[in-house]
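Structure record follows, encoded as structure tokens.
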Amino acid sequence: MHDHVNSYIEVIDQTKEALDEAINTHIYDAQSGEVPPADCSFLKLRNKVALTADLARRLGAFTHLEMEAALCIWEWINDVTLSDTDQKIDVWATYREGVGSMELRSASSNIYAGWLLKVYDICQTAGEPFDCMSYDWDVVPLIMEHCLHDGHPAASGDTLPDPRATAITVLAKIAKQRWYEDARKAAKHHWSYEELVDDFEEVIEKARLDGEMPEKVILEIGEQYDLDSPDPISAAARPPMFLMFKPSDYLLPEQA
């Protein structure tokens, strides 16, 4: 627990002790068995202070990164459980209906935040996989989509997926997304036909898994089917396009 949190809790505890002494010594005689009534304002204040100390202890157990992750996770949970758009994930919506919002909100910090950060840290060992990605809008949803046990949201720490296995899955998904992003860009650049990627889905996916570079694959397909280039110079003779990502960004985790 951080020093500033400990100091805060210490002050609260001292306040509670002072209130106890005031209630038992100066207001009601504890030795005579006199008990303060439930509506005693000092007693109410004392109990509020005690609850504050307990809350501070529980909050102090989390780092600022865990709290940030928990807030982003709760935001994502709301997006996938309360929305009527394509963001909605049925298994999470059903789970929320079953356990309730309070339980799920608590799980954001008590169960999911620490796990998500473990996955995040493992992914980071692969370089900068989350470069140009928003933490709350992209990274957290990408990881949380895999927080499942037997097809259902993990309900406890014991049912959380293995962080390393999850990280490998996340990295593979990012690599695929980046490869296809540059493939579409190449198709538009060389042939003015971005949908080429969809028309030859199986061929292109096989090429990706074989480790081919997206621009090379797109050029070969266009030339094979004699597509028209928007430039008088043949597509093959044109200088390479600027790619968003490095070749290493396309690699699957086991290839890196």
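Letters A, B, ... mark the chains of the structure tokens in the order given; residue numbers begin at 1 per chain; ligand numbers begin at 1, in order shown.
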
Compile the contact shell of Lys216 in chain A as a PDB file with C-alpha atoms, in the first residue's frame: residues with an atom at most 10 Å away, counting only C-alpha atoms, same-chain residues fewer than 3 positions apart removed.
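around-v8.pdb was written with the following content:
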ATOM      1  CA  ALA A 183      -3.260  -5.285 -47.737  1.00  0.00           C
ATOM      2  CA  ALA A 186      -2.013  -1.764 -51.134  1.00  0.00           C
ATOM      3  CA  ALA A 207      -0.448 -16.033 -48.111  1.00  0.00           C
ATOM      4  CA  GLU A 212       4.049 -13.247 -47.365  1.00  0.00           C
ATOM      5  CA  MET A 213       4.096  -9.452 -47.306  1.00  0.00           C
ATOM      6  CA  LEU A 219       0.587  -7.038 -56.696  1.00  0.00           C
ATOM      7  CA  GLU A 220       0.791 -10.689 -57.721  1.00  0.00           C
ATOM      8  CA  ILE A 221      -2.985 -11.156 -57.693  1.00  0.00           C
ATOM      9  CA  ALA A 236       4.984  -3.653 -60.568  1.00  0.00           C
ATOM     10  CA  PRO A 240       6.612   0.573 -53.031  1.00  0.00           C
TER      11      PRO A 240
END

* To do: Would you mind telling me which residue in A:Glu215, A:Thr85, A:Gly114, A:Asp182 lies nearest to Met67 in chain A when using only C-alpha atoms?
  =>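 Residue with the minimum atom-to-atom distance to Met67 in chain A: A:Gly114.
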
* **Counting only C-alpha atoms, the residue of A:Ser101, A:Ala187, A:Ala155, A:Trp74 that sits nearest Asp199 in chain A** => A:Ala187

* Find the residues near Ile168 in chain A: any atom within 8 Å, counting only C-alpha atoms, skip ones fewer than 3 places away on the same chain, and give them as a ChimeraX atom specification. => /A:123,164-165,171-172,253

* Write down as a PyMOL selection string the residues belonging to range 71-191 of chain A that are assigned alpha helix (DSSP H) by DSSP computed on the backbone. => chain A and resi 71-82+90-99+101-107+113-124+140-144+163-191

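The smallest atom-to-atom distance between Leu209 in chain A and any of A:Phe130, A:Trp179, A:Trp92, A:Trp76, using only C-alpha atoms, is found for A:Trp179.
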
* Which is closest to Cys72 in chain A among A:Val140, A:Leu148, A:Met133, A:Ile122, if we use only C-alpha atoms? ->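 Once distances to Cys72 in chain A are computed over only C-alpha atoms, the minimum belongs to A:Val140.
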
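Nearest residue to Pro163 in chain A, choosing from A:Asp121, A:Asp228, A:Asp84, A:Glu103 and counting only C-alpha atoms: A:Asp121.
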
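Interatomic distance, CA of Ala113 in chain A against CA of Ser156 in chain A: 12.1 Å.
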
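Taking CA of Asp210 in chain A and CA of Lys185 in chain A as endpoints, the distance between them is 19.9 Å.
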
What lies within 10 Å of Pro141 in chain A using only C-alpha atoms, ignoring chain neighbours under 5 positions off, as a tab-separated table (two decimals) with C-alpha atoms, in the first residue's frame?
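Everything below was put into result.tsv:
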chain	number	residue	atom	x	y	z
A	72	CYS	CA	-11.87	1.08	-18.40
A	73	ILE	CA	-13.11	-2.48	-17.90
A	75	GLU	CA	-16.81	1.15	-19.22
A	76	TRP	CA	-16.34	-1.76	-21.63
A	77	ILE	CA	-18.76	-3.95	-19.66
A	79	ASP	CA	-20.78	-0.95	-23.66
A	80	VAL	CA	-21.21	-4.67	-24.30
A	135	TYR	CA	-5.95	1.99	-24.28
A	136	ASP	CA	-9.60	2.31	-23.25
A	146	HIS	CA	-10.97	-13.21	-24.20
A	147	CYS	CA	-11.82	-13.10	-20.48
